[in-house]
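These notes concern the structure reproduced below.
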Amino acid sequence: MEILRIEGLAKIFGSGELEVRALEDINLSVSKGELVALLGPSGSGKTTMLLCISLILEPTSGKIDFDGQTIFQKNGWAGVDMRRLRREKVGFIFQSHNLIPFLTARQNVLLPLNLIGIKGEKAENRARELLEYMEIAHRADALPALLSGGEQQRVAIARALANNAKLVLADEPTASLDTARGTKVMEILKKIARENQTAVIVVTHDVRMVNGFDHVYHLKDGRLNSQET
Ligand SMILES: Nc1ncnc2c1ncn2[C@@H]1O[C@H](COP(=O)(O)OP(=O)(O)O)[C@@H](O)[C@H]1O
Ligand SMILES: [Mg+2]
């Protein structure tokens with residue numbers, strides 16, 4: 001079953017001489033539980049594409065359907081509460097973990113739960129469960145600065161999964177990790193797709209990391225080419 005459909009998506013930054021065509025005529029369909037890799041050199045539009053999909057950045061033109069609803073079309077966001085949709089249905093994992101520095105691992109995971117109205121013991125239980133799933137529960141009360149890069153990224157993944165997202169987007173989640181830890185993070189993302197029927201889109205520029213993905217797409221100068229694995 002399809003969870004995401006993108007048609008003719010374009011994103012242009014600036015205008016006139018400063019115009020940058022970051023994305024051009026992107027077409028993509030992603031099913032529930034599908035694990036998708038997005039490869040491409042620096043500046044090819046990978047981050048821009050994830051930001052458009054995650055409802056953070058407004059596209060210039062095209063159409064986006066997400067979870068049975070048109071969320072973007074030609075003239076703008078299709079009368080949807082983007083912030084709410086994002087909080088409830090999308091998980092985002094950034095290149096560097098992006099944890100809130102003055103909150104513990106546990107509190108970082110609690111935050112998105114509180115934002116969607118899950119509070120108290122229910123939220124605490126869910127946070128513990130997620131940290132256990134990511135094998136980082138023993139560090140629940142540590143501040144991010146006291147965790148290693150790999151540990152921080154595991155907390156960030158726990159946080160991204162807190163809302164039981166239908167779609168998880170990861171922007172070069174292994175870039176700041178060594179190969180062994182990077183491989184482990186990729187294994188976790190695969191597990192999420194398989195076990196929770198979550199669609200997962202992972203941006204990377206490391207071809208070695210995309211073993212076992214359902215689809216591998218290449219972005220080049222803002223254009224997308226499909227390639228079966
Ligand atoms: N906010 C912005 N304003 C202007 N140009 C931008 C902005 N964000 C990205 N770009 C440009 O869009 C292109 C794609 O960038 P990006 O999506 O970050 O690529 P990637 O993630 O593949 O490295 C680049 O040419 C970049 O300079
Ligand atoms: Mg990028």
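Chain labels run A, B, ... following the order of the structure tokens; each chain numbers its residues from 1, and ligands are numbered from 1 in the order shown.
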Can you pull out every residue within 8 Å of A:Glu2, counting only C-alpha atoms, but drop anything in the same chain fewer than 3 positions away, and send it as a short mmCIF file (atom, residue, chain, number, x, y, z; two decimals) with C-alpha atoms, in the first residue's frame?
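Produced file result39.cif, reproduced below:
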data_model
loop_
_atom_site.label_atom_id
_atom_site.label_comp_id
_atom_site.auth_asym_id
_atom_site.auth_seq_id
_atom_site.Cartn_x
_atom_site.Cartn_y
_atom_site.Cartn_z
CA ARG A 5 3.48 9.74 -3.87
CA SER A 29 6.18 6.37 -4.97
CA VAL A 30 6.91 4.72 -1.62
CA SER A 31 4.91 1.90 -0.03
CA LYS A 32 4.36 1.06 3.63
CA ASP A 67 -1.04 8.77 3.84
#
So which residues are near ligand 2, meaning at most 7 Å away with only C-alpha atoms and all ligand atoms counted, given back as an mmCIF file with N, CA and C atoms, in the first residue's frame?
data_model
loop_
_atom_site.group_PDB
_atom_site.id
_atom_site.type_symbol
_atom_site.label_atom_id
_atom_site.label_comp_id
_atom_site.auth_asym_id
_atom_site.auth_seq_id
_atom_site.Cartn_x
_atom_site.Cartn_y
_atom_site.Cartn_z
ATOM 1 N N SER A 42 27.267 15.638 -3.114
ATOM 2 C CA SER A 42 26.972 16.840 -2.358
ATOM 3 C C SER A 42 26.378 17.895 -3.294
ATOM 4 N N GLY A 43 25.319 18.541 -2.861
ATOM 5 C CA GLY A 43 24.695 19.589 -3.661
ATOM 6 C C GLY A 43 23.694 19.090 -4.684
ATOM 7 N N LYS A 46 19.589 16.290 -2.163
ATOM 8 C CA LYS A 46 19.098 15.244 -1.251
ATOM 9 C C LYS A 46 18.389 15.838 -0.024
ATOM 10 N N THR A 47 19.058 16.764 0.636
ATOM 11 C CA THR A 47 18.461 17.364 1.829
ATOM 12 C C THR A 47 17.203 18.144 1.476
ATOM 13 N N ASP A 171 18.610 11.840 7.141
ATOM 14 C CA ASP A 171 19.529 12.578 6.276
ATOM 15 C C ASP A 171 20.976 12.266 6.657
#
Name each residue within 12 Å of ligand 1, counting only C-alpha atoms and all ligand atoms, as a PyMOL selection string. chain A and resi 10-15+18-24+38-52+56-59+94-95+170-172+202-205+218-224
Considering only C-alpha atoms, return as a ChimeraX atom specification whatever protein or nucleic-acid residues lie within 10 Å of A:Asn196, sequence-local ones (same chain, fewer than 2 positions apart) excluded. /A:32-33,164-166,191-194,198-199
Give the strand (DSSP E or B) residues of stretch 7-224 of chain A, as assigned by DSSP on the backbone, as JSON, numbers by chain. {"A": [7, 8, 9, 10, 11, 12, 13, 20, 21, 22, 23, 24, 25, 26, 27, 28, 29, 30, 31, 35, 36, 37, 38, 39, 61, 62, 63, 64, 65, 66, 69, 70, 71, 72, 73, 76, 77, 90, 91, 92, 93, 167, 168, 169, 170, 171, 199, 200, 201, 202, 203, 204, 215, 216, 217, 218, 219, 220, 223, 224]}
Give me the residues within 10 Å of A:Leu28 as a list in words, counting only C-alpha atoms and dropping any in the same chain fewer than 4 places off. Leu4, Arg5, Ile6, Glu7, Gly8, Leu9, Ile64, Tyr217, Leu224, Asn225 and Ser226 of chain A
Go ahead and write the residues just picked, N, CA and C atoms, as a PDB file, in the first residue's frame.
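Written file, again-v6.pdb:
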ATOM      1  N   LEU A   4       3.377   7.302   0.247  1.00  0.00           N
ATOM      2  CA  LEU A   4       3.862   8.589  -0.264  1.00  0.00           C
ATOM      3  C   LEU A   4       3.913   8.564  -1.790  1.00  0.00           C
ATOM      4  N   ARG A   5       3.361   9.607  -2.414  1.00  0.00           N
ATOM      5  CA  ARG A   5       3.476   9.740  -3.870  1.00  0.00           C
ATOM      6  C   ARG A   5       3.869  11.171  -4.212  1.00  0.00           C
ATOM      7  N   ILE A   6       4.922  11.286  -4.979  1.00  0.00           N
ATOM      8  CA  ILE A   6       5.408  12.598  -5.381  1.00  0.00           C
ATOM      9  C   ILE A   6       5.327  12.693  -6.890  1.00  0.00           C
ATOM     10  N   GLU A   7       4.724  13.777  -7.385  1.00  0.00           N
ATOM     11  CA  GLU A   7       4.599  13.944  -8.841  1.00  0.00           C
ATOM     12  C   GLU A   7       5.110  15.304  -9.277  1.00  0.00           C
ATOM     13  N   GLY A   8       6.049  15.281 -10.190  1.00  0.00           N
ATOM     14  CA  GLY A   8       6.538  16.518 -10.806  1.00  0.00           C
ATOM     15  C   GLY A   8       7.013  17.561  -9.817  1.00  0.00           C
ATOM     16  N   LEU A   9       7.619  17.100  -8.741  1.00  0.00           N
ATOM     17  CA  LEU A   9       8.029  18.028  -7.683  1.00  0.00           C
ATOM     18  C   LEU A   9       9.251  18.854  -8.095  1.00  0.00           C
ATOM     19  N   ILE A  64       2.311  16.404  -3.748  1.00  0.00           N
ATOM     20  CA  ILE A  64       2.708  15.391  -2.764  1.00  0.00           C
ATOM     21  C   ILE A  64       1.452  14.827  -2.107  1.00  0.00           C
ATOM     22  N   TYR A 217      17.645   5.069  -5.246  1.00  0.00           N
ATOM     23  CA  TYR A 217      17.484   6.148  -6.226  1.00  0.00           C
ATOM     24  C   TYR A 217      18.722   7.027  -6.214  1.00  0.00           C
ATOM     25  N   LEU A 224      16.024  12.797 -10.479  1.00  0.00           N
ATOM     26  CA  LEU A 224      16.047  11.489  -9.846  1.00  0.00           C
ATOM     27  C   LEU A 224      16.060  10.353 -10.874  1.00  0.00           C
ATOM     28  N   ASN A 225      16.976   9.403 -10.674  1.00  0.00           N
ATOM     29  CA  ASN A 225      16.971   8.196 -11.493  1.00  0.00           C
ATOM     30  C   ASN A 225      16.798   6.990 -10.586  1.00  0.00           C
ATOM     31  N   SER A 226      15.963   6.052 -11.027  1.00  0.00           N
ATOM     32  CA  SER A 226      15.745   4.851 -10.221  1.00  0.00           C
ATOM     33  C   SER A 226      16.731   3.783 -10.622  1.00  0.00           C
TER      34      SER A 226
END
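The space separating atom CA of A:Arg159 from atom CA of A:Asn108 comes to 6.6 Å.
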Backbone DSSP call of alpha helix (DSSP H) for stretch 47-195 of chain A, listed as a PDB file with N, CA and C atoms, in the first residue's frame:
ATOM      1  N   THR A  47      19.058  16.764   0.636  1.00  0.00           N
ATOM      2  CA  THR A  47      18.461  17.364   1.829  1.00  0.00           C
ATOM      3  C   THR A  47      17.203  18.144   1.476  1.00  0.00           C
ATOM      4  N   THR A  48      17.270  18.888   0.370  1.00  0.00           N
ATOM      5  CA  THR A  48      16.098  19.651  -0.076  1.00  0.00           C
ATOM      6  C   THR A  48      14.907  18.715  -0.285  1.00  0.00           C
ATOM      7  N   MET A  49      15.164  17.560  -0.889  1.00  0.00           N
ATOM      8  CA  MET A  49      14.077  16.617  -1.138  1.00  0.00           C
ATOM      9  C   MET A  49      13.486  16.104   0.174  1.00  0.00           C
ATOM     10  N   LEU A  50      14.335  15.744   1.124  1.00  0.00           N
ATOM     11  CA  LEU A  50      13.825  15.267   2.427  1.00  0.00           C
ATOM     12  C   LEU A  50      13.035  16.352   3.143  1.00  0.00           C
ATOM     13  N   LEU A  51      13.529  17.586   3.076  1.00  0.00           N
ATOM     14  CA  LEU A  51      12.835  18.680   3.762  1.00  0.00           C
ATOM     15  C   LEU A  51      11.470  18.941   3.138  1.00  0.00           C
ATOM     16  N   CYS A  52      11.374  18.792   1.812  1.00  0.00           N
ATOM     17  CA  CYS A  52      10.071  18.951   1.147  1.00  0.00           C
ATOM     18  C   CYS A  52       9.129  17.830   1.568  1.00  0.00           C
ATOM     19  N   ILE A  53       9.649  16.593   1.592  1.00  0.00           N
ATOM     20  CA  ILE A  53       8.810  15.452   1.965  1.00  0.00           C
ATOM     21  C   ILE A  53       8.365  15.560   3.416  1.00  0.00           C
ATOM     22  N   MET A  82       0.343  21.517   8.738  1.00  0.00           N
ATOM     23  CA  MET A  82       1.615  20.842   8.469  1.00  0.00           C
ATOM     24  C   MET A  82       2.339  20.430   9.739  1.00  0.00           C
ATOM     25  N   ARG A  83       2.328  21.332  10.704  1.00  0.00           N
ATOM     26  CA  ARG A  83       3.081  21.063  11.920  1.00  0.00           C
ATOM     27  C   ARG A  83       2.518  19.837  12.633  1.00  0.00           C
ATOM     28  N   ARG A  84       1.208  19.793  12.681  1.00  0.00           N
ATOM     29  CA  ARG A  84       0.544  18.678  13.353  1.00  0.00           C
ATOM     30  C   ARG A  84       0.799  17.362  12.619  1.00  0.00           C
ATOM     31  N   LEU A  85       0.672  17.422  11.302  1.00  0.00           N
ATOM     32  CA  LEU A  85       0.897  16.232  10.473  1.00  0.00           C
ATOM     33  C   LEU A  85       2.312  15.704  10.692  1.00  0.00           C
ATOM     34  N   ARG A  86       3.263  16.640  10.718  1.00  0.00           N
ATOM     35  CA  ARG A  86       4.662  16.273  10.891  1.00  0.00           C
ATOM     36  C   ARG A  86       4.886  15.631  12.267  1.00  0.00           C
ATOM     37  N   ARG A  87       4.332  16.256  13.294  1.00  0.00           N
ATOM     38  CA  ARG A  87       4.497  15.719  14.646  1.00  0.00           C
ATOM     39  C   ARG A  87       3.894  14.342  14.785  1.00  0.00           C
ATOM     40  N   GLU A  88       2.754  14.136  14.122  1.00  0.00           N
ATOM     41  CA  GLU A  88       2.022  12.887  14.333  1.00  0.00           C
ATOM     42  C   GLU A  88       2.475  11.762  13.424  1.00  0.00           C
ATOM     43  N   LYS A  89       2.976  12.103  12.236  1.00  0.00           N
ATOM     44  CA  LYS A  89       3.170  11.017  11.263  1.00  0.00           C
ATOM     45  C   LYS A  89       4.550  10.875  10.656  1.00  0.00           C
ATOM     46  N   ALA A 105      18.812  11.975  27.632  1.00  0.00           N
ATOM     47  CA  ALA A 105      18.364  11.076  26.556  1.00  0.00           C
ATOM     48  C   ALA A 105      16.866  10.811  26.694  1.00  0.00           C
ATOM     49  N   ARG A 106      16.468  10.449  27.908  1.00  0.00           N
ATOM     50  CA  ARG A 106      15.070  10.135  28.191  1.00  0.00           C
ATOM     51  C   ARG A 106      14.158  11.334  27.865  1.00  0.00           C
ATOM     52  N   GLN A 107      14.576  12.518  28.324  1.00  0.00           N
ATOM     53  CA  GLN A 107      13.752  13.717  28.101  1.00  0.00           C
ATOM     54  C   GLN A 107      13.676  14.084  26.623  1.00  0.00           C
ATOM     55  N   ASN A 108      14.755  13.818  25.895  1.00  0.00           N
ATOM     56  CA  ASN A 108      14.734  14.082  24.458  1.00  0.00           C
ATOM     57  C   ASN A 108      13.694  13.215  23.752  1.00  0.00           C
ATOM     58  N   VAL A 109      13.519  11.992  24.242  1.00  0.00           N
ATOM     59  CA  VAL A 109      12.530  11.086  23.635  1.00  0.00           C
ATOM     60  C   VAL A 109      11.113  11.435  24.109  1.00  0.00           C
ATOM     61  N   LEU A 110      11.013  11.935  25.349  1.00  0.00           N
ATOM     62  CA  LEU A 110       9.693  12.302  25.885  1.00  0.00           C
ATOM     63  C   LEU A 110       9.084  13.494  25.147  1.00  0.00           C
ATOM     64  N   LEU A 111       9.955  14.402  24.715  1.00  0.00           N
ATOM     65  CA  LEU A 111       9.473  15.659  24.133  1.00  0.00           C
ATOM     66  C   LEU A 111       8.475  15.473  22.980  1.00  0.00           C
ATOM     67  N   PRO A 112       8.833  14.707  21.930  1.00  0.00           N
ATOM     68  CA  PRO A 112       7.855  14.545  20.843  1.00  0.00           C
ATOM     69  C   PRO A 112       6.572  13.850  21.294  1.00  0.00           C
ATOM     70  N   LEU A 113       6.674  13.021  22.334  1.00  0.00           N
ATOM     71  CA  LEU A 113       5.476  12.361  22.859  1.00  0.00           C
ATOM     72  C   LEU A 113       4.566  13.397  23.509  1.00  0.00           C
ATOM     73  N   ASN A 114       5.172  14.282  24.330  1.00  0.00           N
ATOM     74  CA  ASN A 114       4.392  15.331  24.977  1.00  0.00           C
ATOM     75  C   ASN A 114       3.728  16.243  23.951  1.00  0.00           C
ATOM     76  N   LEU A 115       4.448  16.503  22.860  1.00  0.00           N
ATOM     77  CA  LEU A 115       3.923  17.401  21.821  1.00  0.00           C
ATOM     78  C   LEU A 115       2.677  16.840  21.149  1.00  0.00           C
ATOM     79  N   GLY A 120       2.806  11.854  31.128  1.00  0.00           N
ATOM     80  CA  GLY A 120       2.829  11.042  32.343  1.00  0.00           C
ATOM     81  C   GLY A 120       3.420   9.660  32.156  1.00  0.00           C
ATOM     82  N   GLU A 121       2.825   8.705  32.847  1.00  0.00           N
ATOM     83  CA  GLU A 121       3.368   7.346  32.882  1.00  0.00           C
ATOM     84  C   GLU A 121       3.370   6.702  31.498  1.00  0.00           C
ATOM     85  N   LYS A 122       2.348   6.998  30.729  1.00  0.00           N
ATOM     86  CA  LYS A 122       2.248   6.433  29.387  1.00  0.00           C
ATOM     87  C   LYS A 122       3.451   6.854  28.540  1.00  0.00           C
ATOM     88  N   ALA A 123       3.781   8.137  28.640  1.00  0.00           N
ATOM     89  CA  ALA A 123       4.927   8.658  27.892  1.00  0.00           C
ATOM     90  C   ALA A 123       6.230   8.062  28.419  1.00  0.00           C
ATOM     91  N   GLU A 124       6.349   7.979  29.748  1.00  0.00           N
ATOM     92  CA  GLU A 124       7.560   7.406  30.357  1.00  0.00           C
ATOM     93  C   GLU A 124       7.771   5.962  29.881  1.00  0.00           C
ATOM     94  N   ASN A 125       6.694   5.193  29.867  1.00  0.00           N
ATOM     95  CA  ASN A 125       6.799   3.796  29.441  1.00  0.00           C
ATOM     96  C   ASN A 125       7.227   3.684  27.986  1.00  0.00           C
ATOM     97  N   ARG A 126       6.619   4.514  27.164  1.00  0.00           N
ATOM     98  CA  ARG A 126       6.943   4.493  25.731  1.00  0.00           C
ATOM     99  C   ARG A 126       8.414   4.898  25.522  1.00  0.00           C
ATOM    100  N   ALA A 127       8.856   5.912  26.248  1.00  0.00           N
ATOM    101  CA  ALA A 127      10.242   6.376  26.111  1.00  0.00           C
ATOM    102  C   ALA A 127      11.209   5.269  26.526  1.00  0.00           C
ATOM    103  N   ARG A 128      10.902   4.597  27.640  1.00  0.00           N
ATOM    104  CA  ARG A 128      11.780   3.523  28.107  1.00  0.00           C
ATOM    105  C   ARG A 128      11.840   2.397  27.078  1.00  0.00           C
ATOM    106  N   GLU A 129      10.655   2.040  26.572  1.00  0.00           N
ATOM    107  CA  GLU A 129      10.560   0.990  25.545  1.00  0.00           C
ATOM    108  C   GLU A 129      11.422   1.321  24.326  1.00  0.00           C
ATOM    109  N   LEU A 130      11.354   2.577  23.889  1.00  0.00           N
ATOM    110  CA  LEU A 130      12.116   2.995  22.708  1.00  0.00           C
ATOM    111  C   LEU A 130      13.625   2.966  22.984  1.00  0.00           C
ATOM    112  N   LEU A 131      14.007   3.425  24.155  1.00  0.00           N
ATOM    113  CA  LEU A 131      15.429   3.429  24.502  1.00  0.00           C
ATOM    114  C   LEU A 131      15.937   1.988  24.643  1.00  0.00           C
ATOM    115  N   GLU A 132      15.093   1.110  25.134  1.00  0.00           N
ATOM    116  CA  GLU A 132      15.475  -0.305  25.222  1.00  0.00           C
ATOM    117  C   GLU A 132      15.626  -0.899  23.831  1.00  0.00           C
ATOM    118  N   TYR A 133      14.680  -0.580  22.978  1.00  0.00           N
ATOM    119  CA  TYR A 133      14.708  -1.065  21.590  1.00  0.00           C
ATOM    120  C   TYR A 133      16.007  -0.622  20.902  1.00  0.00           C
ATOM    121  N   GLY A 149      29.151   9.423  19.782  1.00  0.00           N
ATOM    122  CA  GLY A 149      28.417   9.756  18.556  1.00  0.00           C
ATOM    123  C   GLY A 149      27.379   8.698  18.208  1.00  0.00           C
ATOM    124  N   GLY A 150      27.774   7.427  18.316  1.00  0.00           N
ATOM    125  CA  GLY A 150      26.862   6.327  17.996  1.00  0.00           C
ATOM    126  C   GLY A 150      25.691   6.279  18.965  1.00  0.00           C
ATOM    127  N   GLU A 151      25.988   6.527  20.244  1.00  0.00           N
ATOM    128  CA  GLU A 151      24.924   6.516  21.262  1.00  0.00           C
ATOM    129  C   GLU A 151      23.943   7.670  21.035  1.00  0.00           C
ATOM    130  N   GLN A 152      24.488   8.837  20.709  1.00  0.00           N
ATOM    131  CA  GLN A 152      23.633  10.000  20.439  1.00  0.00           C
ATOM    132  C   GLN A 152      22.697   9.708  19.265  1.00  0.00           C
ATOM    133  N   GLN A 153      23.249   9.076  18.243  1.00  0.00           N
ATOM    134  CA  GLN A 153      22.437   8.798  17.064  1.00  0.00           C
ATOM    135  C   GLN A 153      21.337   7.781  17.391  1.00  0.00           C
ATOM    136  N   ARG A 154      21.635   6.835  18.297  1.00  0.00           N
ATOM    137  CA  ARG A 154      20.607   5.873  18.706  1.00  0.00           C
ATOM    138  C   ARG A 154      19.487   6.572  19.479  1.00  0.00           C
ATOM    139  N   VAL A 155      19.838   7.538  20.311  1.00  0.00           N
ATOM    140  CA  VAL A 155      18.810   8.317  21.017  1.00  0.00           C
ATOM    141  C   VAL A 155      17.984   9.105  19.995  1.00  0.00           C
ATOM    142  N   ALA A 156      18.677   9.667  19.014  1.00  0.00           N
ATOM    143  CA  ALA A 156      17.974  10.454  17.984  1.00  0.00           C
ATOM    144  C   ALA A 156      16.998   9.567  17.208  1.00  0.00           C
ATOM    145  N   ILE A 157      17.370   8.330  16.985  1.00  0.00           N
ATOM    146  CA  ILE A 157      16.461   7.414  16.280  1.00  0.00           C
ATOM    147  C   ILE A 157      15.275   7.074  17.179  1.00  0.00           C
ATOM    148  N   ALA A 158      15.559   6.816  18.461  1.00  0.00           N
ATOM    149  CA  ALA A 158      14.461   6.560  19.415  1.00  0.00           C
ATOM    150  C   ALA A 158      13.479   7.726  19.395  1.00  0.00           C
ATOM    151  N   ARG A 159      14.020   8.942  19.387  1.00  0.00           N
ATOM    152  CA  ARG A 159      13.174  10.135  19.362  1.00  0.00           C
ATOM    153  C   ARG A 159      12.332  10.195  18.079  1.00  0.00           C
ATOM    154  N   ALA A 160      12.980   9.868  16.954  1.00  0.00           N
ATOM    155  CA  ALA A 160      12.270   9.926  15.670  1.00  0.00           C
ATOM    156  C   ALA A 160      11.158   8.883  15.587  1.00  0.00           C
ATOM    157  N   LEU A 161      11.292   7.813  16.381  1.00  0.00           N
ATOM    158  CA  LEU A 161      10.291   6.744  16.332  1.00  0.00           C
ATOM    159  C   LEU A 161       9.170   6.936  17.348  1.00  0.00           C
ATOM    160  N   THR A 179      32.589   3.167  10.281  1.00  0.00           N
ATOM    161  CA  THR A 179      31.887   2.188   9.442  1.00  0.00           C
ATOM    162  C   THR A 179      31.066   1.196  10.262  1.00  0.00           C
ATOM    163  N   ALA A 180      31.660   0.671  11.346  1.00  0.00           N
ATOM    164  CA  ALA A 180      30.949  -0.339  12.140  1.00  0.00           C
ATOM    165  C   ALA A 180      29.673   0.250  12.744  1.00  0.00           C
ATOM    166  N   ARG A 181      29.779   1.437  13.319  1.00  0.00           N
ATOM    167  CA  ARG A 181      28.599   2.059  13.935  1.00  0.00           C
ATOM    168  C   ARG A 181      27.605   2.483  12.869  1.00  0.00           C
ATOM    169  N   GLY A 182      28.124   2.955  11.742  1.00  0.00           N
ATOM    170  CA  GLY A 182      27.257   3.344  10.629  1.00  0.00           C
ATOM    171  C   GLY A 182      26.444   2.158  10.137  1.00  0.00           C
ATOM    172  N   THR A 183      27.114   1.013   9.998  1.00  0.00           N
ATOM    173  CA  THR A 183      26.431  -0.200   9.540  1.00  0.00           C
ATOM    174  C   THR A 183      25.340  -0.582  10.527  1.00  0.00           C
ATOM    175  N   LYS A 184      25.633  -0.422  11.798  1.00  0.00           N
ATOM    176  CA  LYS A 184      24.644  -0.776  12.822  1.00  0.00           C
ATOM    177  C   LYS A 184      23.408   0.123  12.733  1.00  0.00           C
ATOM    178  N   VAL A 185      23.633   1.414  12.522  1.00  0.00           N
ATOM    179  CA  VAL A 185      22.502   2.331  12.381  1.00  0.00           C
ATOM    180  C   VAL A 185      21.647   1.940  11.172  1.00  0.00           C
ATOM    181  N   MET A 186      22.301   1.572  10.063  1.00  0.00           N
ATOM    182  CA  MET A 186      21.563   1.124   8.875  1.00  0.00           C
ATOM    183  C   MET A 186      20.764  -0.139   9.181  1.00  0.00           C
ATOM    184  N   GLU A 187      21.332  -1.061   9.945  1.00  0.00           N
ATOM    185  CA  GLU A 187      20.626  -2.291  10.317  1.00  0.00           C
ATOM    186  C   GLU A 187      19.369  -1.956  11.117  1.00  0.00           C
ATOM    187  N   ILE A 188      19.495  -0.968  12.010  1.00  0.00           N
ATOM    188  CA  ILE A 188      18.348  -0.557  12.823  1.00  0.00           C
ATOM    189  C   ILE A 188      17.246   0.023  11.931  1.00  0.00           C
ATOM    190  N   LEU A 189      17.639   0.849  10.963  1.00  0.00           N
ATOM    191  CA  LEU A 189      16.643   1.448  10.066  1.00  0.00           C
ATOM    192  C   LEU A 189      15.934   0.358   9.264  1.00  0.00           C
ATOM    193  N   LYS A 190      16.670  -0.668   8.856  1.00  0.00           N
ATOM    194  CA  LYS A 190      16.065  -1.795   8.134  1.00  0.00           C
ATOM    195  C   LYS A 190      15.059  -2.512   9.024  1.00  0.00           C
ATOM    196  N   LYS A 191      15.467  -2.719  10.282  1.00  0.00           N
ATOM    197  CA  LYS A 191      14.617  -3.420  11.245  1.00  0.00           C
ATOM    198  C   LYS A 191      13.300  -2.663  11.454  1.00  0.00           C
ATOM    199  N   ILE A 192      13.413  -1.328  11.531  1.00  0.00           N
ATOM    200  CA  ILE A 192      12.224  -0.493  11.720  1.00  0.00           C
ATOM    201  C   ILE A 192      11.244  -0.685  10.562  1.00  0.00           C
ATOM    202  N   ALA A 193      11.788  -0.672   9.343  1.00  0.00           N
ATOM    203  CA  ALA A 193      10.935  -0.838   8.163  1.00  0.00           C
ATOM    204  C   ALA A 193      10.268  -2.213   8.186  1.00  0.00           C
ATOM    205  N   ARG A 194      11.038  -3.247   8.502  1.00  0.00           N
ATOM    206  CA  ARG A 194      10.519  -4.618   8.479  1.00  0.00           C
ATOM    207  C   ARG A 194       9.512  -4.874   9.585  1.00  0.00           C
ATOM    208  N   GLU A 195       9.826  -4.424  10.800  1.00  0.00           N
ATOM    209  CA  GLU A 195       9.009  -4.797  11.956  1.00  0.00           C
ATOM    210  C   GLU A 195       7.790  -3.914  12.153  1.00  0.00           C
TER     211      GLU A 195
END
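Considering the residues A:Val168, A:Ala78, A:Leu147, A:Met134 and counting only C-alpha atoms, A:Leu99 has its shortest atom-to-atom contact with A:Leu147.
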Distance in Å - atom CA of A:Asp81 versus atom CA of A:Gln197: 24.3 Å
